[in-house]
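K.L.:
query_24.txt is reproduced in full below (compact mmCIF, C-alpha atoms).
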# COMPACT_ATOMS: atom_id res chain seq x y z
CA MET Y 1 84.09 57.94 -64.09
CA LYS Y 2 84.46 57.94 -60.30
CA PRO Y 3 86.12 54.78 -58.94
CA THR Y 4 84.02 52.42 -56.83
CA LEU Y 5 84.26 52.62 -53.06
CA THR Y 6 86.13 49.31 -53.11
CA ALA Y 7 88.74 50.68 -55.53
CA GLU Y 8 89.11 53.92 -53.55
CA LEU Y 9 89.56 52.01 -50.30
CA LEU Y 10 92.14 49.68 -51.82
CA GLN Y 11 94.10 52.66 -53.15
CA ALA Y 12 93.96 54.48 -49.80
CA LEU Y 13 95.33 51.41 -47.99
CA ALA Y 14 97.94 50.48 -50.63
CA PRO Y 15 100.90 51.72 -48.51
CA TRP Y 16 99.80 49.47 -45.64
CA ARG Y 17 99.34 46.12 -47.36
CA LYS Y 18 102.34 44.66 -45.50
CA ALA Y 19 101.13 45.71 -42.04
CA SER Y 20 101.03 43.01 -39.37
CA ALA Y 21 97.29 43.43 -38.79
CA TRP Y 22 94.35 45.69 -39.64
CA HIS Y 23 92.04 46.44 -36.71
CA ILE Y 24 88.65 47.98 -37.55
CA ALA Y 25 87.09 50.37 -35.04
CA PHE Y 26 83.56 48.95 -35.24
CA SER Y 27 80.78 50.87 -33.50
CA GLY Y 28 78.07 49.18 -35.53
CA GLY Y 29 77.02 52.50 -37.09
CA LEU Y 30 76.77 53.27 -40.78
CA ASP Y 31 80.38 54.32 -41.39
CA SER Y 32 82.12 51.45 -39.62
CA THR Y 33 79.61 48.92 -41.00
CA VAL Y 34 80.44 49.98 -44.55
CA LEU Y 35 84.18 49.91 -43.79
CA LEU Y 36 83.92 46.40 -42.32
CA HIS Y 37 81.87 45.13 -45.25
CA LEU Y 38 84.25 46.62 -47.83
CA LEU Y 39 87.30 45.12 -46.14
CA ALA Y 40 85.72 41.70 -45.65
CA ASP Y 41 84.72 41.71 -49.33
CA LEU Y 42 88.23 42.72 -50.42
CA ALA Y 43 89.76 39.96 -48.30
CA LYS Y 44 87.97 37.37 -50.43
CA ASN Y 45 90.15 38.07 -53.49
CA GLN Y 46 93.01 40.24 -52.18
CA SER Y 47 95.96 39.38 -49.99
CA LEU Y 48 95.32 41.58 -46.95
CA PRO Y 49 96.76 41.61 -43.42
CA PRO Y 50 94.66 39.75 -40.83
CA LEU Y 51 91.44 41.62 -40.01
CA GLN Y 52 89.96 42.09 -36.55
CA ALA Y 53 87.08 44.31 -35.42
CA ILE Y 54 87.08 46.13 -32.08
CA HIS Y 55 83.89 47.35 -30.42
CA VAL Y 56 84.24 49.71 -27.47
CA HIS Y 57 81.30 49.64 -25.06
CA HIS Y 58 81.03 52.90 -23.11
CA GLY Y 59 77.94 51.98 -21.10
CA LEU Y 60 76.57 55.53 -21.37
CA GLN Y 61 73.02 54.60 -22.39
CA ALA Y 62 70.74 51.61 -22.01
CA ALA Y 63 70.44 51.04 -25.76
CA ALA Y 64 74.19 50.42 -25.98
CA ASP Y 65 73.91 47.18 -24.01
CA GLY Y 66 72.51 45.45 -27.09
CA TRP Y 67 75.13 46.74 -29.52
CA PRO Y 68 77.86 44.16 -28.82
CA ALA Y 69 75.46 41.36 -29.81
CA HIS Y 70 74.57 43.18 -33.05
CA CYS Y 71 78.26 43.75 -33.81
CA GLN Y 72 79.03 40.09 -33.13
CA ALA Y 73 76.34 38.98 -35.56
CA VAL Y 74 77.63 41.31 -38.29
CA CYS Y 75 81.22 40.15 -37.76
CA ASP Y 76 80.22 36.49 -37.74
CA ALA Y 77 78.45 36.95 -41.08
CA ALA Y 78 81.51 38.74 -42.51
CA GLY Y 79 83.99 36.20 -41.13
CA VAL Y 80 85.85 38.85 -39.12
CA PRO Y 81 86.78 38.19 -35.45
CA LEU Y 82 85.41 40.72 -32.95
CA ARG Y 83 86.86 41.96 -29.68
CA VAL Y 84 84.55 43.85 -27.27
CA MET Y 85 86.18 46.23 -24.81
CA HIS Y 86 84.39 47.84 -21.86
CA VAL Y 87 85.63 51.26 -20.76
CA GLN Y 88 84.84 53.74 -18.00
CA VAL Y 89 84.13 57.28 -19.20
CA GLN Y 90 85.41 59.97 -16.85
CA SER Y 91 82.90 62.65 -15.94
CA GLY Y 92 83.73 66.13 -17.14
CA ALA Y 93 82.53 69.20 -18.97
CA SER Y 94 82.41 67.43 -22.36
CA LEU Y 95 80.91 63.95 -22.41
CA GLU Y 96 81.76 63.70 -26.13
CA ARG Y 97 85.43 64.32 -25.49
CA ALA Y 98 85.58 62.05 -22.44
CA ALA Y 99 84.02 59.17 -24.40
CA ARG Y 100 86.40 59.75 -27.32
CA ASP Y 101 89.42 59.81 -24.99
CA ALA Y 102 88.35 56.56 -23.33
CA ARG Y 103 87.75 54.95 -26.72
CA TYR Y 104 91.12 55.84 -28.18
CA GLN Y 105 92.94 54.90 -25.00
CA ALA Y 106 91.40 51.44 -25.34
CA PHE Y 107 92.44 51.27 -28.99
CA ALA Y 108 96.00 52.36 -28.15
CA GLU Y 109 96.34 49.47 -25.70
CA ILE Y 110 95.63 46.96 -28.48
CA ILE Y 111 97.53 48.30 -31.48
CA GLY Y 112 100.95 46.69 -31.71
CA PRO Y 113 104.03 47.48 -33.79
CA SER Y 114 103.33 47.61 -37.55
CA GLU Y 115 99.58 47.33 -36.89
CA LEU Y 116 96.81 49.70 -37.98
CA LEU Y 117 93.55 50.87 -36.52
CA LEU Y 118 91.15 51.71 -39.35
CA THR Y 119 88.30 54.12 -38.59
CA GLY Y 120 85.30 55.15 -40.66
CA GLN Y 121 85.39 58.97 -40.60
CA HIS Y 122 84.45 60.42 -44.00
CA ARG Y 123 84.52 63.72 -45.88
CA ASP Y 124 81.44 65.13 -44.12
CA ASP Y 125 83.03 64.38 -40.75
CA GLN Y 126 86.12 66.27 -41.89
CA ALA Y 127 84.05 69.30 -42.90
CA GLU Y 128 82.18 69.28 -39.58
CA THR Y 129 85.48 69.01 -37.69
CA LEU Y 130 86.92 72.02 -39.51
CA LEU Y 131 83.82 74.16 -38.86
CA PHE Y 132 83.59 73.03 -35.24
CA ARG Y 133 87.24 73.90 -34.54
CA LEU Y 134 86.96 77.18 -36.42
CA LEU Y 135 84.10 78.21 -34.16
CA ARG Y 136 86.22 77.31 -31.12
CA GLY Y 137 89.03 79.58 -32.31
CA ALA Y 138 91.53 76.82 -33.11
CA GLY Y 139 94.90 77.66 -34.61
CA LEU Y 140 96.24 76.35 -37.88
CA ARG Y 141 97.21 72.96 -36.48
CA GLY Y 142 93.67 72.44 -35.24
CA LEU Y 143 92.10 73.61 -38.49
CA ILE Y 144 93.84 70.95 -40.57
CA GLY Y 145 91.08 68.66 -39.34
CA MET Y 146 91.53 64.93 -38.88
CA PRO Y 147 94.74 63.57 -40.37
CA ALA Y 148 94.48 60.55 -42.66
CA LEU Y 149 97.36 59.00 -40.69
CA ARG Y 150 98.71 59.45 -37.17
CA PRO Y 151 100.56 57.36 -34.57
CA LEU Y 152 98.43 55.36 -32.14
CA GLY Y 153 99.80 53.08 -29.46
CA LYS Y 154 102.72 51.21 -30.98
CA GLY Y 155 101.20 51.40 -34.44
CA HIS Y 156 99.14 53.86 -36.48
CA LEU Y 157 95.58 55.08 -36.98
CA VAL Y 158 94.44 55.35 -40.61
CA ARG Y 159 91.24 56.98 -41.89
CA PRO Y 160 90.81 55.49 -45.38
CA LEU Y 161 87.33 56.93 -46.07
CA LEU Y 162 88.16 60.64 -45.75
CA ASP Y 163 87.72 61.21 -49.50
CA MET Y 164 84.24 59.62 -49.50
CA SER Y 165 80.97 61.34 -48.61
CA ARG Y 166 78.34 60.21 -46.14
CA ALA Y 167 75.87 59.97 -49.05
CA GLU Y 168 78.18 57.56 -50.91
CA LEU Y 169 78.52 55.35 -47.83
CA GLU Y 170 74.78 55.29 -47.25
CA ALA Y 171 74.09 54.47 -50.91
CA TYR Y 172 76.52 51.55 -50.70
CA ALA Y 173 74.95 50.31 -47.45
CA ARG Y 174 71.45 50.31 -48.95
CA GLU Y 175 72.65 48.67 -52.16
CA GLN Y 176 74.28 45.89 -50.13
CA GLN Y 177 71.25 45.69 -47.77
CA LEU Y 178 73.40 46.27 -44.73
CA ASN Y 179 71.96 46.77 -41.26
CA TRP Y 180 73.50 49.28 -38.90
CA ILE Y 181 72.89 50.86 -35.51
CA GLU Y 182 71.38 54.31 -35.23
CA ASP Y 183 72.77 55.76 -32.01
CA PRO Y 184 69.93 57.71 -30.33
CA SER Y 185 72.43 60.30 -29.08
CA ASN Y 186 73.31 61.20 -32.68
CA GLY Y 187 70.05 63.08 -32.92
CA ASP Y 188 70.57 65.07 -29.73
CA SER Y 189 71.39 68.61 -30.81
CA ARG Y 190 72.63 69.50 -27.33
CA PHE Y 191 75.90 68.00 -28.52
CA SER Y 192 77.82 70.52 -30.62
CA ARG Y 193 78.68 68.20 -33.50
CA ASN Y 194 75.09 67.02 -33.77
CA TYR Y 195 73.92 70.64 -33.83
CA LEU Y 196 76.28 71.37 -36.71
CA ARG Y 197 75.22 68.23 -38.56
CA HIS Y 198 71.45 68.63 -38.19
CA GLN Y 199 70.97 72.38 -37.89
CA VAL Y 200 73.88 74.18 -39.55
CA PHE Y 201 75.00 72.00 -42.44
CA PRO Y 202 71.54 71.64 -44.02
CA LEU Y 203 71.41 75.45 -44.24
CA LEU Y 204 74.91 75.62 -45.69
CA THR Y 205 74.34 72.93 -48.30
CA ALA Y 206 71.01 74.47 -49.29
CA ARG Y 207 72.91 77.58 -50.31
CA TRP Y 208 76.25 75.96 -51.23
CA PRO Y 209 75.65 72.31 -52.24
CA GLN Y 210 79.39 71.57 -52.31
CA ALA Y 211 80.04 73.02 -48.84
CA ALA Y 212 81.30 69.74 -47.35
CA ASN Y 213 83.66 69.15 -50.29
CA THR Y 214 84.93 72.72 -50.14
CA LEU Y 215 85.56 72.66 -46.39
CA ALA Y 216 87.34 69.31 -46.61
CA ARG Y 217 89.50 70.69 -49.42
CA THR Y 218 90.28 73.75 -47.28
CA ALA Y 219 91.43 71.44 -44.49
CA GLY Y 220 93.84 69.89 -46.99
CA HIS Y 221 95.23 73.30 -47.96
CA LEU Y 222 95.72 74.18 -44.29
CA ALA Y 223 97.51 70.87 -43.73
CA GLN Y 224 100.00 71.80 -46.45
CA ALA Y 225 100.56 75.19 -44.83
CA GLN Y 226 101.17 73.46 -41.48
CA GLU Y 227 103.75 71.18 -43.11
CA LEU Y 228 105.66 74.24 -44.31
CA LEU Y 229 105.53 75.80 -40.83
CA ASP Y 230 106.77 72.54 -39.33
CA GLU Y 231 109.70 72.49 -41.75
CA LEU Y 232 110.57 76.05 -40.72
CA ALA Y 233 110.23 75.12 -37.05
CA GLN Y 234 112.59 72.16 -37.51
CA LEU Y 235 115.26 74.52 -38.86
CA ASP Y 236 114.77 77.03 -36.04
CA VAL Y 237 114.77 74.37 -33.30
CA GLN Y 238 117.83 72.72 -34.80
CA ALA Y 239 119.69 76.04 -34.64
CA ALA Y 240 118.80 76.30 -30.92
CA GLN Y 241 119.80 72.74 -30.04
CA ARG Y 242 123.34 73.64 -29.10
CA PRO Y 243 124.96 71.20 -26.66
CA SER Y 244 124.48 72.01 -23.00
CA ALA Y 245 127.46 72.33 -20.70
CA LEU Y 246 125.59 69.96 -18.38
CA ALA Y 247 125.70 66.85 -20.56
CA TRP Y 248 124.67 64.72 -17.57
CA LEU Y 249 121.29 66.46 -17.23
CA PRO Y 250 118.94 64.73 -19.72
CA LEU Y 251 116.18 67.33 -19.68
CA PRO Y 252 115.06 68.77 -23.06
CA SER Y 253 116.62 72.21 -23.47
CA LEU Y 254 117.33 74.90 -26.06
CA ALA Y 255 119.75 77.79 -26.29
CA LEU Y 256 117.77 81.01 -25.95
CA ALA Y 257 119.90 83.31 -28.12
CA PRO Y 258 118.98 81.72 -31.51
CA LEU Y 259 115.29 81.91 -30.59
CA ARG Y 260 115.53 85.50 -29.41
CA ASP Y 261 116.87 86.51 -32.84
CA LEU Y 262 113.66 85.33 -34.52
CA SER Y 263 110.44 87.29 -34.97
CA ASP Y 264 107.72 86.71 -32.37
CA ALA Y 265 105.73 84.61 -34.84
CA ARG Y 266 108.70 82.34 -35.61
CA GLN Y 267 109.51 82.03 -31.90
CA ARG Y 268 106.00 80.80 -31.21
CA ASN Y 269 106.08 78.48 -34.20
CA ALA Y 270 109.38 76.92 -33.09
CA LEU Y 271 108.25 76.56 -29.47
CA ARG Y 272 104.92 75.01 -30.44
CA TYR Y 273 106.78 72.44 -32.52
CA TRP Y 274 109.31 71.70 -29.74
CA LEU Y 275 106.76 71.59 -26.92
CA ALA Y 276 104.06 69.61 -28.75
CA PRO Y 277 105.40 66.16 -27.72
CA LEU Y 278 105.89 67.36 -24.14
CA THR Y 279 102.72 69.19 -23.11
CA LEU Y 280 99.36 70.56 -24.10
CA LEU Y 281 100.00 74.00 -25.55
CA PRO Y 282 98.51 77.22 -24.18
CA ASP Y 283 95.93 79.24 -26.07
CA SER Y 284 96.94 82.52 -27.66
CA GLU Y 285 96.02 84.55 -24.55
CA HIS Y 286 98.53 82.73 -22.33
CA TRP Y 287 101.68 83.16 -24.44
CA ILE Y 288 102.52 86.19 -22.28
CA GLY Y 289 104.24 83.58 -20.08
CA TRP Y 290 106.80 83.04 -22.84
CA HIS Y 291 107.50 86.76 -23.16
CA THR Y 292 107.98 87.05 -19.39
CA LEU Y 293 110.41 84.13 -19.36
CA ARG Y 294 112.29 85.34 -22.45
CA ASP Y 295 112.66 88.97 -21.37
CA ALA Y 296 113.52 88.51 -17.67
CA ASN Y 297 116.80 89.89 -16.35
CA LEU Y 298 119.89 87.76 -16.91
CA ASP Y 299 120.24 87.01 -13.19
CA ALA Y 300 116.58 85.96 -12.90
CA GLN Y 301 115.36 82.37 -13.06
CA PRO Y 302 111.79 82.73 -14.39
CA VAL Y 303 109.34 79.87 -14.82
CA TRP Y 304 106.55 79.40 -17.39
CA ARG Y 305 104.02 76.90 -16.01
CA LEU Y 306 102.25 74.83 -18.65
CA ALA Y 307 99.71 72.01 -18.52
CA ASP Y 308 102.18 69.13 -18.16
CA GLY Y 309 105.27 70.75 -16.71
CA GLN Y 310 107.36 73.88 -16.44
CA LEU Y 311 109.71 75.76 -18.72
CA HIS Y 312 112.68 77.21 -16.81
CA ARG Y 313 115.32 79.69 -17.95
CA CYS Y 314 118.84 79.64 -16.61
CA ASN Y 315 122.14 80.87 -18.07
CA ASP Y 316 120.48 81.96 -21.32
CA ARG Y 317 119.03 78.51 -21.87
CA ILE Y 318 115.48 77.16 -21.51
CA TRP Y 319 114.84 73.80 -19.85
CA TRP Y 320 111.73 71.62 -19.81
CA MET Y 321 110.87 69.94 -16.50
CA PRO Y 322 107.86 67.57 -16.70
CA ALA Y 323 105.19 67.73 -14.01
CA ASP Y 324 105.42 64.00 -13.34
CA TRP Y 325 109.09 64.14 -12.40
CA SER Y 326 108.55 62.52 -9.03
CA GLU Y 327 109.23 64.25 -5.74
CA ILE Y 328 112.34 63.15 -3.90
CA SER Y 329 112.83 62.30 -0.25
CA ASP Y 330 115.41 64.46 1.52
CA THR Y 331 115.99 61.80 4.18
CA PRO Y 332 119.75 61.04 4.39
CA LEU Y 333 120.82 57.66 3.02
CA SER Y 334 123.76 55.65 4.25
CA TRP Y 335 125.98 54.09 1.57
CA SER Y 336 127.39 50.97 3.13
CA HIS Y 337 128.66 49.33 -0.05
CA PRO Y 338 129.97 52.10 -2.31
CA GLN Y 339 131.28 49.55 -4.78
CA ASN Y 340 127.62 49.07 -5.81
CA PRO Y 341 125.33 51.73 -7.33
CA LEU Y 342 123.02 53.43 -4.83
CA GLN Y 343 119.35 53.79 -5.83
CA LEU Y 344 117.92 57.16 -4.79
CA PRO Y 345 114.15 57.15 -4.17
CA GLY Y 346 112.62 59.11 -7.05
CA ASN Y 347 116.00 60.49 -8.09
CA GLY Y 348 117.93 57.99 -10.19
CA GLN Y 349 121.13 56.40 -8.91
CA LEU Y 350 124.70 57.14 -7.81
CA TYR Y 351 127.93 55.33 -8.56
CA PHE Y 352 131.68 55.86 -8.26
CA SER Y 353 134.35 55.74 -10.89
CA GLY Y 354 137.67 54.72 -9.38
CA HIS Y 355 138.11 53.75 -5.74
CA ALA Y 356 135.46 55.11 -3.41
CA PRO Y 357 136.68 57.07 -0.35
CA GLU Y 358 136.66 55.44 3.06
CA GLY Y 359 133.41 55.47 5.02
CA PRO Y 360 131.15 56.03 6.73
CA LEU Y 361 129.45 57.54 3.65
CA SER Y 362 125.99 59.05 3.35
CA ILE Y 363 123.95 60.97 0.79
CA ARG Y 364 122.07 64.15 1.67
CA TYR Y 365 120.45 67.00 -0.22
CA ARG Y 366 121.02 70.70 -0.07
CA GLN Y 367 119.50 72.52 2.91
CA GLY Y 368 121.37 75.82 2.59
CA GLY Y 369 124.59 77.10 4.13
CA GLU Y 370 126.74 74.08 3.23
CA VAL Y 371 130.51 74.58 2.90
CA MET Y 372 133.25 72.23 1.79
CA GLU Y 373 137.03 72.11 1.66
CA VAL Y 374 138.22 72.24 -1.97
CA PRO Y 375 141.89 71.29 -2.61
CA GLY Y 376 143.97 74.36 -3.46
CA ARG Y 377 141.05 76.73 -2.80
CA GLY Y 378 140.20 76.34 0.86
CA ARG Y 379 136.66 76.46 2.26
CA ARG Y 380 134.01 77.33 -0.28
CA ASP Y 381 130.28 77.88 0.02
CA LEU Y 382 128.28 75.25 -1.87
CA LYS Y 383 126.18 78.02 -3.41
CA ARG Y 384 129.28 79.61 -4.96
CA LEU Y 385 130.46 76.26 -6.30
CA LEU Y 386 127.08 75.64 -7.91
CA ASN Y 387 127.15 79.11 -9.44
CA GLU Y 388 130.60 78.47 -10.89
CA SER Y 389 129.34 75.26 -12.50
CA ALA Y 390 126.23 77.07 -13.86
CA VAL Y 391 123.86 74.52 -12.31
CA PRO Y 392 120.24 75.65 -12.91
CA GLY Y 393 118.41 76.62 -9.76
CA PHE Y 394 115.57 74.14 -10.31
CA ILE Y 395 118.00 71.19 -10.23
CA ARG Y 396 120.12 72.20 -7.24
CA GLY Y 397 117.80 70.67 -4.67
CA ARG Y 398 118.07 67.30 -6.46
CA LEU Y 399 121.86 67.15 -6.69
CA PRO Y 400 123.10 64.40 -4.35
CA LEU Y 401 125.72 65.49 -1.82
CA LEU Y 402 128.28 62.97 -0.55
CA TYR Y 403 129.20 63.16 3.13
CA GLN Y 404 132.05 61.37 4.86
CA GLY Y 405 130.82 61.35 8.41
CA THR Y 406 129.75 64.96 8.96
CA ARG Y 407 132.03 66.40 6.26
CA LEU Y 408 130.75 67.33 2.79
CA VAL Y 409 133.25 65.78 0.36
CA ALA Y 410 131.61 65.85 -3.09
CA VAL Y 411 128.70 67.11 -5.16
CA ALA Y 412 127.62 64.55 -7.76
CA ASN Y 413 128.78 65.21 -11.33
CA LEU Y 414 130.76 68.36 -10.39
CA ALA Y 415 134.48 67.66 -10.47
CA ARG Y 416 135.28 71.14 -9.15
CA ALA Y 417 133.07 70.54 -6.11
CA SER Y 418 134.91 67.58 -4.67
CA THR Y 419 137.60 67.01 -2.06
CA GLY Y 420 138.61 64.08 -4.22
CA GLN Y 421 139.88 66.22 -7.06
CA GLY Y 422 143.24 64.86 -8.07
CA ASP Y 423 142.50 61.54 -6.33
CA ASP Y 424 141.36 58.42 -8.12
CA TRP Y 425 137.60 58.67 -7.67
CA GLN Y 426 134.64 60.65 -8.94
CA LEU Y 427 130.96 60.64 -7.90
CA HIS Y 428 128.46 60.25 -10.74
CA TRP Y 429 124.71 60.82 -10.67
CA ALA Y 430 122.40 59.29 -13.29
CA PRO Y 431 119.13 61.27 -13.00
CA PRO Y 432 115.74 59.59 -13.48
CA THR Y 433 115.14 58.00 -16.86
CA CYS Y 434 112.56 58.96 -19.49
CA ASP Y 435 110.09 56.46 -18.01
CA GLN Y 436 110.24 58.42 -14.76
CA GLY Y 437 109.32 61.69 -16.37
CA LEU Y 438 112.36 62.80 -18.37
CA SER Y 439 112.40 63.03 -22.14
Just give me the structure of the file as structure tokens.

P.N.:
Amino acid sequence: MKPTLTAELLQALAPWRKASAWHIAFSGGLDSTVLLHLLADLAKNQSLPPLQAIHVHHGLQAAADGWPAHCQAVCDAAGVPLRVMHVQVQSGASLERAARDARYQAFAEIIGPSELLLTGQHRDDQAETLLFRLLRGAGLRGLIGMPALRPLGKGHLVRPLLDMSRAELEAYAREQQLNWIEDPSNGDSRFSRNYLRHQVFPLLTARWPQAANTLARTAGHLAQAQELLDELAQLDVQAAQRPSALAWLPLPSLALAPLRDLSDARQRNALRYWLAPLTLLPDSEHWIGWHTLRDANLDAQPVWRLADGQLHRCNDRIWWMPADWSEISDTPLSWSHPQNPLQLPGNGQLYFSGHAPEGPLSIRYRQGGEVMEVPGRGRRDLKRLLNESAVPGFIRGRLPLLYQGTRLVAVANLARASTGQGDDWQLHWAPPTCDQGLS
């Protein structure tokens, strides 16, 4: 005998009974109304975390102006507090996606540590998601559908109804005499998901009655396959995470040689896994950028430009530089009190270990043609010194240069590029932190 919806929900949420709070994404539609009712009913005889409903008002249609009042009435009857959030939806090619992005951004702002956002997506939604993404040519990660659990804000998003069908939810709602909102836009087949729901799925289920169940089960199989690929990627990335000679440069990087030894498919799998937290990934047609970067001559410094930054190659190593790493000002800065750290606009800070040299001191950036006197070696071009220290080309323009009057006396973090070698001081540069664009 199939368990009741209440029993299924309680089982799905069993790992999260000690969460700090359960927030319910409450649109007022069928799915979220059933979820709210089930949880409020459970709270009467079960020890649950505090419940709160959240209604996001997009303001995209006139009918929506009355939905907060309906949601408030439902929550008042259920004894669940309601928070209404108003969001601005950015215009773009896909109104569906823009509204979803605005909605989840609002949710992410609320969810705190050890808190959950519970949403009402069900098995039919999962099947539609799989078919929709399949038609868009998604890869395996996209075809796993909606995960039952994922991080959101400082907490997590949980979809506890994914094993339940739309028909089961509607039967429960009618049995309990629940009232819910019918969004007029849900019947507009100009939207792709609505077209699938109202035009395609009726044809599929007429021929294959269990189509939604089968597609949802397929999404589960694909999720298992993705887990295996992720485990393989972890091993491959770990093999490439050899320490960099530039320990002071906190940019994500990998040694290229271990990756180059892999098949093309494993290279892509490892890079997708490594890049996923850093940037939106390219579609299959744009991976030629990786081949160009990988196969360039040893003396080249190729760049692969991605959505949220750039992948550089230097000295048989690949480096990630985020797009939001702020621009720096090349205006010289005087350093009147070298006993204190010097903040560099958009470029971290400088400090001395040991006794700073006598002034006047200033900080400049590379313009080209600089030379300096290196003890025991005579005059040396700055370019040659940077080459000897294997400093990647994309970072050279950010390296702070210390001048004593008009004389270049040190390059930050490079002991071999300093007139103070053998003396009792060293110039240290702490590049921008993660919050300023570095991971």

K.L.:
Build an axis-aligned box that encloses every atom of range 275-280 of chain Y listed in the file, pad it by 4 Å on each side, and report its centre and edge lengths in Å to one decimal, as lines of an AutoDock Vina configuration file.

P.N.:
center_x = 103.1
center_y = 68.9
center_z = -25.9
size_x = 15.4
size_y = 13.4
size_z = 13.6

K.L.:
Counting only C-alpha atoms, which residue out of Y:Pro250, Y:Ala255, Y:Leu298, Y:Asp230 sits closest to Arg268 in chain Y?

P.N.:
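Among Y:Pro250, Y:Ala255, Y:Leu298, Y:Asp230, it is Y:Asp230 that comes nearest to Arg268 in chain Y.
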
K.L.:
Write out as a list in words which residues come within 12 Å of Leu228 in chain Y when counting only C-alpha atoms, dropping same-chain ones fewer than 5 positions away.

P.N.:
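That gives Leu140, Arg141, His221, Leu222, Ala223, Ala233, Gln234, Leu235, Asn269 and Tyr273 of chain Y.
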
K.L.:
Which residues are close to Arg407 in chain Y, i.e. within 12 Å by only C-alpha atoms, leaving aside same-chain residues fewer than 4 positions away? Reply as a list in words.

P.N.:
Gly359, Pro360, Leu361, Ser362, Ile363, Arg364, Glu370, Val371, Met372, Glu373, Val374, Arg379, Leu401, Leu402, Tyr403, Val411, Ser418 and Thr419 of chain Y

K.L.:
Just the number, please: distance in Å from CA of Leu256 in chain Y to CA of Leu293 in chain Y, one decimal.

P.N.:
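Taking CA of Leu256 in chain Y and CA of Leu293 in chain Y, their separation equals 10.4 Å.
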
K.L.:
At a cut-off of 6 Å, using all atoms listed in the file, what residues contact Trp319 in chain Y? Leave out same-chain residues fewer than 5 positions from it and give the result as an MDAnalysis selection string.

P.N.:
chainID Y and resid 252:253 311:312

K.L.:
Using all atoms listed in the file, which of Y:Arg166, Y:His156, Y:His70, Y:Arg103 sits nearest Gln126 in chain Y?

P.N.:
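Among Y:Arg166, Y:His156, Y:His70, Y:Arg103, it is Y:Arg166 that comes nearest to Gln126 in chain Y.
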
K.L.:
Counting only C-alpha atoms, which residue out of Y:Phe394, Y:Trp325, Y:Phe191, Y:Trp320 sits closest to Glu96 in chain Y?

P.N.:
Y:Phe191

K.L.:
Counting only C-alpha atoms, which residue out of Y:Leu30, Y:Ala167, Y:Leu162, Y:Leu178 sits closest to Ala78 in chain Y?

P.N.:
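Nearest candidate to Ala78 in chain Y out of Y:Leu30, Y:Ala167, Y:Leu162, Y:Leu178: Y:Leu178.
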
K.L.:
Counting all atoms listed in the file, I want the residues whose atoms come within 7 Å of (121.9, 67.0, -4.4) in the file frame, returned as JSON, numbers by chain.

P.N.:
{"Y": [364, 365, 366, 396, 397, 398, 399, 400, 401, 411]}

K.L.:
The selected residues should be written to file as an mmCIF file, in the frame of the given file (atoms: C-alpha atoms).

P.N.:
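Written file, again-v8.cif:
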data_model
loop_
_atom_site.group_PDB
_atom_site.id
_atom_site.type_symbol
_atom_site.label_atom_id
_atom_site.label_comp_id
_atom_site.auth_asym_id
_atom_site.auth_seq_id
_atom_site.Cartn_x
_atom_site.Cartn_y
_atom_site.Cartn_z
ATOM 1 C CA ARG Y 364 122.070 64.150 1.670
ATOM 2 C CA TYR Y 365 120.450 67.000 -0.220
ATOM 3 C CA ARG Y 366 121.020 70.700 -0.070
ATOM 4 C CA ARG Y 396 120.120 72.200 -7.240
ATOM 5 C CA GLY Y 397 117.800 70.670 -4.670
ATOM 6 C CA ARG Y 398 118.070 67.300 -6.460
ATOM 7 C CA LEU Y 399 121.860 67.150 -6.690
ATOM 8 C CA PRO Y 400 123.100 64.400 -4.350
ATOM 9 C CA LEU Y 401 125.720 65.490 -1.820
ATOM 10 C CA VAL Y 411 128.700 67.110 -5.160
#

K.L.:
Just how far from CA of Gly368 in chain Y is CA of Asp330 in chain Y, in Å to one decimal?

P.N.:
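CA of Gly368 in chain Y lies at a distance of 12.9 Å from CA of Asp330 in chain Y.
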
K.L.:
Go through Y:Ala216, Y:Leu13, Y:Ala53, Y:Leu246 one by one, measure the shortest atom-to-atom distance of each to Ile111 in chain Y using all atoms listed in the file, and give the residue with the smallest value.

P.N.:
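Nearest to Ile111 in chain Y: Y:Ala53.
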
K.L.:
Do you have the CA of Thr214 in chain Y-CA of Thr129 in chain Y distance handy?

P.N.:
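Between CA of Thr214 in chain Y and CA of Thr129 in chain Y the gap is 13.0 Å.
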
K.L.:
So that I can see what lies close to Leu278 in chain Y, please list as number ranges by chain the residues with an atom at most 10 Å from it, counting all atoms listed in the file and leaving out residues fewer than 5 positions away in the same chain.

P.N.:
Y: 252, 272-273, 306-309, 320-322, 438-439

K.L.:
Considering all atoms listed in the file, state which residue in the set Y:Pro49, Y:Pro258, Y:Pro202, Y:Pro151 is at the smallest distance from Asp124 in chain Y.

P.N.:
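Counting all atoms listed in the file, the residue closest to Asp124 in chain Y is Y:Pro202.
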
K.L.:
Leaving out Gly28 in chain Y and any residue of its chain fewer than 3 positions from it, which residues lie within 10 Å of it when counting only C-alpha atoms, given as a list of chain:residue names?

P.N.:
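Near neighbours after the sequence-gap exclusion: Y:Ala25, Y:Asp31, Y:Ser32, Y:Thr33, Y:Val34, Y:Leu36, Y:His55, Y:Trp67, Y:Pro68, Y:His70, Y:Cys71, Y:Gln72, Y:Val74, Y:Cys75, Y:Asn179, Y:Trp180, Y:Ile181, Y:Glu182, Y:Asp183.
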